[in-house]
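Structure file upload_6.cif; described as mmCIF, C-alpha atoms.
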data_data
loop_
_atom_site.label_atom_id
_atom_site.label_comp_id
_atom_site.auth_asym_id
_atom_site.auth_seq_id
_atom_site.Cartn_x
_atom_site.Cartn_y
_atom_site.Cartn_z
CA MET A 1425 28.71 24.37 87.36
CA ILE A 1426 28.83 27.62 85.37
CA GLN A 1427 30.24 27.17 81.88
CA TYR A 1428 31.90 30.19 80.34
CA LYS A 1429 34.34 31.33 77.67
CA ASN A 1430 37.24 33.70 78.16
CA PHE A 1431 38.59 36.00 75.46
CA ARG A 1432 41.17 38.75 75.35
CA LEU A 1433 41.26 41.43 72.66
CA LYS A 1434 44.52 42.69 71.20
CA ASN A 1435 44.18 45.90 73.21
CA GLY A 1436 44.16 43.85 76.43
CA LEU A 1437 40.43 43.91 77.21
CA GLN A 1438 39.37 40.73 79.02
CA VAL A 1439 35.99 39.21 78.16
CA VAL A 1440 33.99 36.47 79.89
CA VAL A 1441 30.74 35.14 78.39
CA HIS A 1442 28.26 32.70 79.93
CA ARG A 1443 25.17 31.49 78.09
CA ASP A 1444 21.97 31.28 80.13
CA SER A 1445 18.97 30.37 77.98
CA SER A 1446 16.50 30.64 80.86
CA THR A 1447 15.96 34.39 80.53
CA PRO A 1448 15.07 36.96 77.84
CA LEU A 1449 17.44 39.43 79.50
CA VAL A 1450 21.17 39.95 79.25
CA ALA A 1451 23.48 41.26 81.95
CA VAL A 1452 26.57 43.25 80.97
CA ASN A 1453 29.14 44.00 83.64
CA ILE A 1454 32.30 46.03 83.16
CA LEU A 1455 34.88 46.02 85.91
CA TYR A 1456 37.74 48.51 85.95
CA GLN A 1457 40.73 47.40 88.00
CA VAL A 1458 40.92 50.62 89.96
CA GLY A 1459 39.74 51.50 93.44
CA SER A 1460 40.75 53.77 96.26
CA ARG A 1461 43.97 51.79 96.78
CA ASN A 1462 45.18 53.22 93.45
CA GLU A 1463 44.93 56.80 94.68
CA SER A 1464 47.66 58.95 96.16
CA LYS A 1465 47.31 60.01 99.79
CA ASP A 1466 46.77 63.69 98.91
CA LYS A 1467 44.23 62.98 96.14
CA THR A 1468 41.77 60.49 97.61
CA GLY A 1469 38.21 59.75 96.55
CA PHE A 1470 39.03 59.87 92.82
CA ALA A 1471 37.82 56.33 92.05
CA HIS A 1472 34.50 57.08 93.71
CA LEU A 1473 34.34 60.41 91.89
CA PHE A 1474 34.68 58.53 88.59
CA GLU A 1475 31.82 56.24 89.51
CA HIS A 1476 29.75 59.44 89.18
CA LEU A 1477 31.65 61.04 86.31
CA MET A 1478 31.11 57.98 84.11
CA PHE A 1479 27.41 58.89 84.02
CA SER A 1480 28.08 62.50 82.94
CA GLY A 1481 27.93 61.80 79.25
CA SER A 1482 30.39 61.03 76.47
CA LYS A 1483 31.12 62.15 72.94
CA HIS A 1484 27.98 60.63 71.40
CA VAL A 1485 25.78 60.22 74.51
CA GLU A 1486 24.62 63.22 76.50
CA ASP A 1487 22.98 61.21 79.29
CA PHE A 1488 23.95 57.57 79.86
CA ASP A 1489 20.77 56.60 81.73
CA ILE A 1490 18.22 57.67 79.09
CA PRO A 1491 19.26 55.18 76.36
CA ILE A 1492 19.33 52.34 78.93
CA GLN A 1493 15.82 53.21 80.09
CA MET A 1494 14.60 53.52 76.49
CA ALA A 1495 16.05 50.05 75.89
CA GLY A 1496 13.90 48.71 78.71
CA GLY A 1497 16.81 48.21 81.05
CA GLU A 1498 18.46 49.38 84.25
CA ASN A 1499 22.00 50.15 85.28
CA ASN A 1500 24.09 51.16 88.25
CA ALA A 1501 27.61 51.08 89.64
CA PHE A 1502 29.68 50.65 92.79
CA THR A 1503 33.22 51.37 93.91
CA ASN A 1504 35.32 49.84 96.64
CA SER A 1505 38.96 49.87 97.65
CA ASP A 1506 39.97 47.56 94.78
CA ILE A 1507 37.60 47.99 91.82
CA THR A 1508 35.07 50.23 90.10
CA ASN A 1509 32.16 48.23 88.66
CA PHE A 1510 29.38 49.19 86.23
CA TYR A 1511 26.48 46.86 85.46
CA ASN A 1512 23.54 46.84 83.06
CA LEU A 1513 20.47 44.64 82.63
CA VAL A 1514 18.49 44.87 79.38
CA PRO A 1515 16.40 42.69 77.03
CA LYS A 1516 18.84 40.60 75.02
CA GLU A 1517 17.74 42.32 71.78
CA ASN A 1518 19.35 45.50 73.11
CA LEU A 1519 22.76 44.07 73.95
CA GLU A 1520 24.41 46.19 71.28
CA THR A 1521 22.97 49.35 72.81
CA VAL A 1522 24.78 48.62 76.07
CA LEU A 1523 28.04 47.74 74.34
CA TRP A 1524 27.94 50.94 72.31
CA LEU A 1525 27.26 53.03 75.41
CA GLU A 1526 30.02 51.40 77.45
CA SER A 1527 32.55 51.69 74.63
CA ASP A 1528 31.72 55.35 74.07
CA ARG A 1529 32.34 56.34 77.66
CA MET A 1530 35.48 54.22 77.85
CA ALA A 1531 36.91 55.98 74.80
CA TYR A 1532 35.29 59.42 74.93
CA LEU A 1533 34.18 60.26 78.45
CA ASN A 1534 33.05 63.87 78.65
CA ILE A 1535 35.45 65.32 81.22
CA ASN A 1536 35.29 69.12 81.36
CA GLU A 1537 35.06 71.82 84.00
CA GLU A 1538 31.27 71.84 83.92
CA SER A 1539 30.77 68.08 84.35
CA LEU A 1540 33.54 67.90 86.92
CA ASN A 1541 32.08 70.71 89.04
CA VAL A 1542 28.63 69.12 88.97
CA GLN A 1543 29.89 65.73 90.13
CA LYS A 1544 32.27 67.22 92.69
CA LYS A 1545 29.28 68.84 94.38
CA VAL A 1546 27.34 65.56 94.30
CA VAL A 1547 30.22 63.60 95.81
CA VAL A 1548 30.97 66.19 98.49
CA GLU A 1549 27.31 66.24 99.53
CA GLU A 1550 27.32 62.44 99.66
CA PHE A 1551 30.45 62.56 101.84
CA LYS A 1552 28.78 64.98 104.25
CA GLU A 1553 25.50 63.07 104.33
CA VAL A 1554 26.96 59.57 104.71
CA CYS A 1555 30.11 60.21 106.74
CA LEU A 1556 29.61 63.43 108.70
CA ASN A 1557 25.87 63.70 109.32
CA GLN A 1558 25.08 60.04 109.93
CA PRO A 1559 25.71 58.38 113.31
CA TYR A 1560 28.84 56.19 113.13
CA GLY A 1561 29.25 57.28 109.50
CA ASP A 1562 32.91 58.15 109.98
CA MET A 1563 33.80 54.77 111.49
CA TRP A 1564 35.80 53.60 108.47
CA HIS A 1565 37.80 56.82 108.46
CA HIS A 1566 38.96 56.11 112.00
CA MET A 1567 39.33 52.33 111.64
CA SER A 1568 41.23 52.53 108.35
CA ALA A 1569 43.58 55.25 109.54
CA LEU A 1570 44.40 53.41 112.75
CA ALA A 1571 44.62 49.84 111.40
CA TYR A 1572 46.64 50.70 108.26
CA GLN A 1573 49.78 52.75 108.69
CA LYS A 1574 51.39 52.32 105.24
CA HIS A 1575 48.94 50.76 102.80
CA PRO A 1576 46.36 52.93 100.94
CA TYR A 1577 43.61 51.06 102.73
CA HIS A 1578 44.55 53.83 105.20
CA TRP A 1579 41.56 55.77 103.81
CA PRO A 1580 38.02 54.60 102.91
CA THR A 1581 36.65 54.45 99.37
CA ILE A 1582 34.82 57.75 99.65
CA GLY A 1583 38.12 59.49 100.43
CA LYS A 1584 40.10 60.76 103.36
CA ASP A 1585 38.63 64.27 103.33
CA PHE A 1586 36.07 65.90 101.05
CA SER A 1587 38.52 68.74 100.43
CA HIS A 1588 40.45 66.35 98.17
CA ILE A 1589 37.44 66.28 95.86
CA GLU A 1590 36.68 69.97 96.23
CA ASP A 1591 40.29 70.77 95.24
CA ALA A 1592 40.48 68.24 92.39
CA ARG A 1593 41.76 69.90 89.24
CA LEU A 1594 40.65 68.95 85.76
CA ALA A 1595 44.20 67.96 84.80
CA ASP A 1596 44.47 65.60 87.79
CA VAL A 1597 41.13 64.01 87.04
CA GLN A 1598 41.96 63.58 83.35
CA HIS A 1599 45.28 61.97 84.30
CA PHE A 1600 43.52 59.51 86.62
CA PHE A 1601 41.11 58.59 83.81
CA ASP A 1602 43.92 58.10 81.31
CA GLN A 1603 45.77 55.81 83.70
CA TYR A 1604 43.01 53.43 84.65
CA TYR A 1605 39.95 53.53 82.40
CA ASN A 1606 41.53 51.61 79.55
CA PRO A 1607 40.76 48.36 77.73
CA ASN A 1608 43.80 46.67 79.25
CA ASN A 1609 42.53 47.55 82.72
CA ALA A 1610 38.96 46.35 82.22
CA ILE A 1611 37.00 43.09 82.31
CA ILE A 1612 33.65 42.71 80.54
CA SER A 1613 31.42 39.83 81.61
CA ILE A 1614 28.17 39.04 79.79
CA VAL A 1615 25.44 36.60 80.83
CA GLY A 1616 22.27 35.82 78.89
CA ASP A 1617 20.78 33.78 76.06
CA ILE A 1618 23.58 34.67 73.66
CA ASP A 1619 25.97 32.76 71.47
CA GLU A 1620 29.49 33.09 72.86
CA ASP A 1621 31.18 33.46 69.46
CA SER A 1622 28.67 36.04 68.25
CA CYS A 1623 29.11 37.91 71.50
CA TYR A 1624 32.86 37.98 71.01
CA ALA A 1625 32.35 39.46 67.55
CA LEU A 1626 30.22 42.23 69.04
CA ILE A 1627 32.83 42.97 71.71
CA GLU A 1628 35.47 43.19 69.01
CA LYS A 1629 33.24 45.53 67.01
CA TYR A 1630 32.58 47.95 69.84
CA PHE A 1631 35.80 47.75 71.86
CA GLY A 1632 38.51 46.34 69.63
CA TRP A 1633 39.26 49.72 68.06
CA ILE A 1634 39.84 51.52 71.38
CA ASP A 1635 43.48 52.27 72.05
CA ASN A 1636 44.86 52.41 75.56
CA LYS A 1637 45.47 55.95 76.71
CA THR A 1638 48.66 54.67 78.34
CA GLU A 1639 50.73 51.71 77.16
CA THR A 1640 49.87 49.67 80.22
CA ALA A 1641 47.62 50.16 83.19
CA VAL A 1642 49.72 51.96 85.76
CA ALA A 1643 49.99 49.96 88.98
CA THR A 1644 50.35 52.11 92.05
CA SER A 1645 53.24 51.03 94.26
CA TRP A 1646 52.86 51.15 98.01
CA GLU A 1647 54.55 49.87 101.08
CA ILE A 1648 53.47 46.50 102.45
CA GLU A 1649 51.54 46.98 105.66
CA PRO A 1650 53.78 45.93 108.57
CA THR A 1651 52.50 43.32 111.01
CA GLN A 1652 50.53 44.99 113.77
CA MET A 1653 52.24 44.36 117.09
CA ASP A 1654 50.14 46.40 119.50
CA PHE A 1655 46.53 46.82 120.55
CA ARG A 1656 45.16 50.11 119.18
CA ARG A 1657 42.14 51.94 120.55
CA LYS A 1658 40.38 55.20 119.78
CA THR A 1659 37.44 56.52 121.82
CA LEU A 1660 35.16 59.09 120.20
CA SER A 1661 32.66 61.42 121.83
CA ASN A 1662 30.13 61.95 119.04
CA PRO A 1663 26.44 62.85 118.69
CA VAL A 1664 25.42 59.19 118.35
CA PRO A 1665 22.25 57.61 119.76
CA ALA A 1666 24.05 54.83 121.65
CA GLN A 1667 27.44 53.47 122.52
CA ALA A 1668 29.09 51.27 119.91
CA VAL A 1669 32.19 49.10 119.72
CA TYR A 1670 34.07 48.16 116.54
CA LEU A 1671 36.96 45.69 116.46
CA GLY A 1672 39.16 45.17 113.41
CA PHE A 1673 41.58 42.23 113.14
CA HIS A 1674 44.12 41.97 110.32
CA MET A 1675 43.51 38.92 108.14
CA SER A 1676 44.61 37.41 104.83
CA ASP A 1677 43.93 38.69 101.32
CA ARG A 1678 41.01 37.41 99.23
CA ILE A 1679 42.86 34.64 97.38
CA HIS A 1680 44.76 33.24 100.37
CA PRO A 1681 43.51 29.82 101.59
CA ASN A 1682 42.96 31.30 105.06
CA TYR A 1683 40.32 33.65 103.66
CA TYR A 1684 37.74 30.84 103.60
CA THR A 1685 38.56 29.80 107.15
CA THR A 1686 38.33 33.39 108.38
CA ASP A 1687 35.01 33.90 106.63
CA LEU A 1688 33.66 30.79 108.33
CA ILE A 1689 34.83 32.14 111.69
CA THR A 1690 32.59 35.18 111.19
CA ASP A 1691 29.71 32.85 110.28
CA ILE A 1692 30.24 30.88 113.48
CA LEU A 1693 30.11 34.13 115.39
CA SER A 1694 27.17 35.87 113.74
CA ASN A 1695 25.45 34.00 110.91
CA GLY A 1696 21.89 33.35 111.97
CA ARG A 1697 19.93 32.81 115.16
CA SER A 1698 22.06 29.86 116.26
CA SER A 1699 25.32 31.82 116.06
CA ARG A 1700 27.48 32.54 119.12
CA PHE A 1701 26.85 36.27 119.13
CA PHE A 1702 23.10 35.92 118.73
CA GLN A 1703 22.66 33.24 121.38
CA HIS A 1704 25.14 34.41 123.99
CA LEU A 1705 25.25 38.20 123.56
CA TYR A 1706 22.17 39.52 121.77
CA LYS A 1707 19.74 37.02 123.27
CA GLY A 1708 21.75 36.06 126.34
CA THR A 1709 22.42 39.54 127.75
CA PRO A 1710 20.46 42.83 127.93
CA TRP A 1711 23.28 44.95 126.53
CA PHE A 1712 23.36 44.44 122.75
CA THR A 1713 20.93 45.94 120.23
CA THR A 1714 22.97 44.55 117.33
CA ILE A 1715 26.19 42.58 116.99
CA ASP A 1716 27.76 41.30 113.80
CA ALA A 1717 31.00 39.92 112.34
CA TYR A 1718 32.18 39.95 108.72
CA VAL A 1719 35.28 40.08 106.54
CA SER A 1720 36.33 42.88 104.20
CA GLY A 1721 37.36 40.45 101.43
CA THR A 1722 39.91 42.83 99.90
CA LEU A 1723 42.52 41.99 97.27
CA ASP A 1724 45.29 42.81 99.71
CA PRO A 1725 45.24 41.68 103.36
CA GLY A 1726 42.03 42.94 104.92
CA LEU A 1727 40.13 43.03 108.19
CA LEU A 1728 37.83 40.74 110.12
CA MET A 1729 35.34 43.13 111.69
CA VAL A 1730 33.18 42.86 114.79
CA GLU A 1731 30.68 45.63 115.41
CA ALA A 1732 28.19 46.07 118.22
CA LYS A 1733 25.59 48.69 119.12
CA LEU A 1734 24.69 48.84 122.80
CA ASN A 1735 21.72 49.54 125.03
CA ASP A 1736 21.74 52.31 127.61
CA GLY A 1737 23.63 51.43 130.73
CA ALA A 1738 26.08 49.09 129.08
CA ASP A 1739 29.57 49.22 130.54
CA ILE A 1740 32.21 49.24 127.79
CA GLU A 1741 34.73 47.27 129.82
CA GLN A 1742 32.16 44.57 130.52
CA ILE A 1743 31.07 44.55 126.86
CA GLU A 1744 34.66 44.03 125.73
CA LYS A 1745 35.05 41.07 128.08
CA LEU A 1746 31.84 39.48 126.77
CA ILE A 1747 32.93 39.84 123.15
CA TRP A 1748 36.42 38.51 123.83
CA LYS A 1749 34.91 35.54 125.68
CA GLU A 1750 33.11 34.54 122.46
CA LEU A 1751 36.24 35.09 120.37
CA ASP A 1752 38.23 32.94 122.81
CA SER A 1753 35.65 30.15 122.53
CA VAL A 1754 36.47 29.87 118.83
CA LYS A 1755 40.19 29.94 119.57
CA ASN A 1756 39.81 27.20 122.18
CA ASN A 1757 38.29 24.77 119.68
CA LEU A 1758 34.81 24.84 121.23
CA ILE A 1759 33.31 24.02 117.84
CA GLU A 1760 31.57 20.83 116.82
CA ALA A 1761 31.88 19.30 113.37
CA ASP A 1762 28.10 19.41 112.91
CA GLU A 1763 28.11 23.16 113.67
CA LEU A 1764 30.61 23.69 110.87
CA GLN A 1765 28.66 21.44 108.51
CA LYS A 1766 25.48 23.42 109.17
CA LEU A 1767 27.26 26.60 108.08
CA LEU A 1768 28.61 24.89 104.96
CA ASN A 1769 25.08 23.80 104.05
CA LYS A 1770 23.92 27.42 104.34
CA LEU A 1771 26.77 28.59 102.12
CA GLU A 1772 25.99 25.97 99.50
CA SER A 1773 22.33 26.99 99.42
CA ALA A 1774 23.32 30.64 99.03
CA GLN A 1775 25.64 29.79 96.17
CA VAL A 1776 22.98 27.80 94.33
CA TYR A 1777 20.55 30.68 94.75
CA SER A 1778 23.10 33.20 93.46
CA GLU A 1779 23.53 31.21 90.26
CA VAL A 1780 19.89 31.82 89.35
CA ASN A 1781 20.35 35.58 88.96
CA ILE A 1782 22.11 36.52 85.72
CA LEU A 1783 23.28 39.90 87.01
CA THR A 1784 24.86 38.26 90.05
CA LYS A 1785 26.59 35.77 87.77
CA ALA A 1786 27.91 38.54 85.52
CA ILE A 1787 29.27 40.50 88.49
CA ASN A 1788 30.85 37.36 89.97
CA LEU A 1789 32.45 36.32 86.70
CA GLY A 1790 34.11 39.72 86.49
CA PHE A 1791 35.11 39.60 90.15
CA TYR A 1792 36.81 36.20 89.97
CA THR A 1793 38.49 37.05 86.69
CA ASN A 1794 39.92 40.07 88.44
CA LEU A 1795 41.25 37.75 91.15
CA GLY A 1796 43.18 35.92 88.42
CA ASN A 1797 41.07 32.79 88.06
CA THR A 1798 37.58 32.92 86.56
CA ASP A 1799 36.92 29.32 87.59
CA LEU A 1800 36.92 30.36 91.24
CA ILE A 1801 33.22 30.95 90.59
CA ASN A 1802 32.90 27.15 90.49
CA GLN A 1803 35.45 26.39 93.20
CA GLN A 1804 34.18 28.41 96.15
CA MET A 1805 32.35 25.56 97.88
CA ASP A 1806 35.33 23.27 97.42
CA HIS A 1807 37.49 25.78 99.29
CA TYR A 1808 34.95 26.23 102.08
CA SER A 1809 34.31 22.49 102.37
CA ALA A 1810 38.04 21.84 102.75
CA VAL A 1811 38.09 23.84 106.01
CA LYS A 1812 38.33 21.63 109.10
CA VAL A 1813 37.61 22.34 112.74
CA GLU A 1814 41.34 22.44 113.49
CA ASP A 1815 41.80 25.06 110.75
CA ILE A 1816 39.23 27.25 112.49
CA ARG A 1817 41.12 26.99 115.75
CA GLU A 1818 44.52 27.63 114.15
CA VAL A 1819 43.48 30.73 112.20
CA ALA A 1820 41.44 32.10 115.11
CA ASN A 1821 44.46 31.82 117.39
CA GLU A 1822 46.56 33.60 114.81
CA ILE A 1823 44.36 36.61 114.20
CA LEU A 1824 41.93 36.99 117.15
CA VAL A 1825 44.54 38.34 119.54
CA PRO A 1826 44.74 41.79 121.19
CA GLU A 1827 48.01 42.78 119.52
CA ASN A 1828 46.33 42.27 116.13
CA CYS A 1829 43.27 44.30 117.07
CA THR A 1830 42.19 47.89 116.41
CA GLU A 1831 39.22 49.13 118.42
CA ILE A 1832 36.97 52.14 117.81
CA ILE A 1833 34.56 53.09 120.59
CA TYR A 1834 31.70 55.56 120.20
CA LYS A 1835 30.15 57.25 123.20
CA PRO A 1836 27.27 59.73 123.10
CA GLN A 1837 28.64 63.11 124.02
CA GLU A 1838 26.69 63.33 127.25
CA HIS A 1839 28.08 59.94 128.37
CA ALA A 1840 31.69 60.43 127.33
CA SER A 1841 34.24 60.56 130.10
#

In structure tokens, how does this file's structure come out?
Amino acid sequence: MIQYKNFRLKNGLQVVVHRDSSTPLVAVNILYQVGSRNESKDKTGFAHLFEHLMFSGSKHVEDFDIPIQMAGGENNAFTNSDITNFYNLVPKENLETVLWLESDRMAYLNINEESLNVQKKVVVEEFKEVCLNQPYGDMWHHMSALAYQKHPYHWPTIGKDFSHIEDARLADVQHFFDQYYNPNNAIISIVGDIDEDSCYALIEKYFGWIDNKTETAVATSWEIEPTQMDFRRKTLSNPVPAQAVYLGFHMSDRIHPNYYTTDLITDILSNGRSSRFFQHLYKGTPWFTTIDAYVSGTLDPGLLMVEAKLNDGADIEQIEKLIWKELDSVKNNLIEADELQKLLNKLESAQVYSEVNILTKAINLGFYTNLGNTDLINQQMDHYSAVKVEDIREVANEILVPENCTEIIYKPQEHAS
């Protein structure tokens, strides 16, 4: 059980503190409630751009990384469709250094033509390297665009097209910053050998004076994604080393009770050497080099994904039948209670292990606070353990159906028909 304290400053900043006396380090995580879903369709990739811009310096700090390194620490960041997250790990004596740095870039980020142009080039090169020049790198562009017709999950986190970043104007970027990088749109979580009340005083010292650039965090409005009623398929002839199949099934959002059931379905299919995919497809046939299943875990309704890379000579139609046979086995209740319990035991072990790492705890405390209930960090196993075999069958029959499926097929150019 992770004990913690929640605070909220007058400017709206949410704070979560957990004392862990087992380490001389302290982890500081700051989550901004902005991701690619908050972008407009003609200006995508801005949240990811800001993941880079936030390291470009601020009013009193020319280079964010140097003070962290001098303090004996490390830092990094990540962006997804729902959030932008920055994390730091330093000796506890240098906690104030991190808080000063984070407050300075929240209040005084150095956004100018020079810094913007530098980071635009970095992001565009990353787009080309990861999405255009890497085999299967554009999969999420095709899957997102086909599976989502209305919702801004229609484009991946890195953006719809790198021209949106190339064409980004300083005024647009400044406006995006003013909307979302505010105290009332942020959550700070701190884990280490620190007194909670003293920590709150430090947060008040470094962040309490920061005014919101807008009165409230602006929530982007979008249309609810309509229920998919038809099987969707796109076949690509690309310079890839082997054929690949990706299936995306619409599923619940992250806080819906069915999320835990759906996540367990992917574990039944692909978690470990005893899983269905490993035993029956990877080991049981000569056609699969890799096959996996996972959930997107997004704030709004997401996707259960199945992805497979294939050996030479594999017939796509046959591969599809083999995969659907395994999906149907879950739908037809071919699951034993002890199989489910084995997966629950694995999950419980993973959770216990995650609670040892203070940075993981800090990130998770911010994540669950963003979901609206910090104590979900202590309730995850209860939710998973409540799932029964009949729940697996019911949810599988609801979502693992062709009319709820979007398929992306890759064929090497020389093999494409």

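Excluding Pro1681 of chain A itself and any same-chain residue fewer than 3 positions from it, the protein and nucleic acid residues within 10 Å of it, counting only C-alpha atoms, are Ser1676, Asp1677, Arg1678, Tyr1684, Thr1685, Thr1686, His1807, Tyr1808, Ala1810 and Val1811 of chain A.
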
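Going from atom CA of Asn1536 of chain A over to atom CA of Thr1508 of chain A, you cover 20.8 Å.
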
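Applied to the file shown here, the PyMOL selection byres ((chain A and resi 1541-1553) around 7) selects the residues Leu1473, His1476, Leu1477, Glu1537, Glu1538, Ser1539, Leu1540, Val1554, Cys1555, Leu1556, Asn1557, Gln1558, Ile1582, Phe1586, Ile1589 and Glu1590 of chain A.
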
Computed interatomic separation between atom CA of Ala1531 of chain A and atom CA of Lys1465 of chain A (Å): 27.4 Å

Selection near segment 1597-1601 of chain A, 9 Å with all atoms listed in the file, sequence-local residues under 5 positions removed, as a ChimeraX atom specification: /A:1463,1470-1471,1474,1533,1535-1536,1540,1592,1606,1637

Write to file, as a PDB file, in the coordinates of the input, the residues of the selection just made, with C-alpha atoms.
ATOM      1  CA  GLU A1463      44.930  56.800  94.680  1.00  0.00           C
ATOM      2  CA  PHE A1470      39.030  59.870  92.820  1.00  0.00           C
ATOM      3  CA  ALA A1471      37.820  56.330  92.050  1.00  0.00           C
ATOM      4  CA  PHE A1474      34.680  58.530  88.590  1.00  0.00           C
ATOM      5  CA  LEU A1533      34.180  60.260  78.450  1.00  0.00           C
ATOM      6  CA  ILE A1535      35.450  65.320  81.220  1.00  0.00           C
ATOM      7  CA  ASN A1536      35.290  69.120  81.360  1.00  0.00           C
ATOM      8  CA  LEU A1540      33.540  67.900  86.920  1.00  0.00           C
ATOM      9  CA  ALA A1592      40.480  68.240  92.390  1.00  0.00           C
ATOM     10  CA  ASN A1606      41.530  51.610  79.550  1.00  0.00           C
ATOM     11  CA  LYS A1637      45.470  55.950  76.710  1.00  0.00           C
TER      12      LYS A1637
END

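Here the PyMOL selection byres ((chain A and resi 1438) around 8) captures the residues Asn1430, Phe1431, Arg1432, Leu1433, Gly1436, Leu1437, Val1439, Val1440, Pro1607, Asn1608, Ala1610, Ile1611 and Ile1612 of chain A.
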
Limited to C-alpha atoms, could you put the picked residues into a file as a PDB file, keeping the file's coordinate frame?
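That gives us part-v5.pdb:
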ATOM      1  CA  ASN A1430      37.240  33.700  78.160  1.00  0.00           C
ATOM      2  CA  PHE A1431      38.590  36.000  75.460  1.00  0.00           C
ATOM      3  CA  ARG A1432      41.170  38.750  75.350  1.00  0.00           C
ATOM      4  CA  LEU A1433      41.260  41.430  72.660  1.00  0.00           C
ATOM      5  CA  GLY A1436      44.160  43.850  76.430  1.00  0.00           C
ATOM      6  CA  LEU A1437      40.430  43.910  77.210  1.00  0.00           C
ATOM      7  CA  VAL A1439      35.990  39.210  78.160  1.00  0.00           C
ATOM      8  CA  VAL A1440      33.990  36.470  79.890  1.00  0.00           C
ATOM      9  CA  PRO A1607      40.760  48.360  77.730  1.00  0.00           C
ATOM     10  CA  ASN A1608      43.800  46.670  79.250  1.00  0.00           C
ATOM     11  CA  ALA A1610      38.960  46.350  82.220  1.00  0.00           C
ATOM     12  CA  ILE A1611      37.000  43.090  82.310  1.00  0.00           C
ATOM     13  CA  ILE A1612      33.650  42.710  80.540  1.00  0.00           C
TER      14      ILE A1612
END

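For the set A:Gln1573, A:Asn1609, A:Val1780, A:Leu1771, the residue with the smallest atom-to-atom gap to Asp1806 of chain A is A:Leu1771, counting only C-alpha atoms.
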
Result set of the PyMOL selection byres ((chain A and resi 1826-1840) around 9) on the coordinates above, as a ChimeraX atom specification: /A:1560,1563,1566-1567,1570-1571,1651-1674,1740,1822-1825,1841

Based on the selection just made, write C-alpha atoms of those residues as a tab-separated table (two decimals), in the coordinates of the input.
chain	number	residue	atom	x	y	z
A	1560	TYR	CA	28.84	56.19	113.13
A	1563	MET	CA	33.80	54.77	111.49
A	1566	HIS	CA	38.96	56.11	112.00
A	1567	MET	CA	39.33	52.33	111.64
A	1570	LEU	CA	44.40	53.41	112.75
A	1571	ALA	CA	44.62	49.84	111.40
A	1651	THR	CA	52.50	43.32	111.01
A	1652	GLN	CA	50.53	44.99	113.77
A	1653	MET	CA	52.24	44.36	117.09
A	1654	ASP	CA	50.14	46.40	119.50
A	1655	PHE	CA	46.53	46.82	120.55
A	1656	ARG	CA	45.16	50.11	119.18
A	1657	ARG	CA	42.14	51.94	120.55
A	1658	LYS	CA	40.38	55.20	119.78
A	1659	THR	CA	37.44	56.52	121.82
A	1660	LEU	CA	35.16	59.09	120.20
A	1661	SER	CA	32.66	61.42	121.83
A	1662	ASN	CA	30.13	61.95	119.04
A	1663	PRO	CA	26.44	62.85	118.69
A	1664	VAL	CA	25.42	59.19	118.35
A	1665	PRO	CA	22.25	57.61	119.76
A	1666	ALA	CA	24.05	54.83	121.65
A	1667	GLN	CA	27.44	53.47	122.52
A	1668	ALA	CA	29.09	51.27	119.91
A	1669	VAL	CA	32.19	49.10	119.72
A	1670	TYR	CA	34.07	48.16	116.54
A	1671	LEU	CA	36.96	45.69	116.46
A	1672	GLY	CA	39.16	45.17	113.41
A	1673	PHE	CA	41.58	42.23	113.14
A	1674	HIS	CA	44.12	41.97	110.32
A	1740	ILE	CA	32.21	49.24	127.79
A	1822	GLU	CA	46.56	33.60	114.81
A	1823	ILE	CA	44.36	36.61	114.20
A	1824	LEU	CA	41.93	36.99	117.15
A	1825	VAL	CA	44.54	38.34	119.54
A	1841	SER	CA	34.24	60.56	130.10

Best match for closeness to Lys1574 of chain A among A:Trp1524, A:Arg1461, A:Asn1636, A:Tyr1532, counting all atoms listed in the file: A:Arg1461

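Residue neighbourhood of Arg1443 of chain A, excluding near-sequence residues (fewer than 6 positions): Gln1427, Tyr1428, Val1615, Gly1616, Asp1617, Ile1618, Asp1619 and Glu1620 of chain A, at 8 Å, using only C-alpha atoms.
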
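The space between atom CA of Thr1581 of chain A and atom CA of Ser1505 of chain A spans 5.4 Å.
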
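Of the listed residues (A:Asn1518, A:Thr1722, A:Asn1788, A:Ser1482), A:Asn1788 comes nearest to Gln1775 of chain A; the distances count all atoms listed in the file.
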
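Of the residues under consideration (A:Ala1569, A:Ala1774, A:Leu1455, A:Val1522), A:Leu1455 shows the shortest atom-to-atom contact distance to Asn1504 of chain A when counting all atoms listed in the file.
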
Contact residues around Asn1769 of chain A with all atoms listed in the file at 12 Å, ignoring same-chain residues under 6 positions, as a ChimeraX atom specification: /A:1688,1691,1762-1763,1775-1776,1805,1808-1809

Please identify all polymer residues within 8 Å of Ser1568 of chain A, counting all atoms listed in the file, omitting same-chain residues fewer than 4 positions from it, and present them as an mmCIF file with C-alpha atoms, keeping the file's coordinate frame.
data_model
loop_
_atom_site.group_PDB
_atom_site.id
_atom_site.type_symbol
_atom_site.label_atom_id
_atom_site.label_comp_id
_atom_site.auth_asym_id
_atom_site.auth_seq_id
_atom_site.Cartn_x
_atom_site.Cartn_y
_atom_site.Cartn_z
ATOM 1 C CA TRP A 1564 35.800 53.600 108.470
ATOM 2 C CA TYR A 1572 46.640 50.700 108.260
ATOM 3 C CA TYR A 1577 43.610 51.060 102.730
ATOM 4 C CA HIS A 1578 44.550 53.830 105.200
ATOM 5 C CA TRP A 1579 41.560 55.770 103.810
ATOM 6 C CA PRO A 1580 38.020 54.600 102.910
#

Minimum-distance residue to Gly1796 of chain A, chosen among A:Glu1649, A:Pro1559, A:Leu1723, A:Leu1768 (using all atoms listed in the file): A:Leu1723
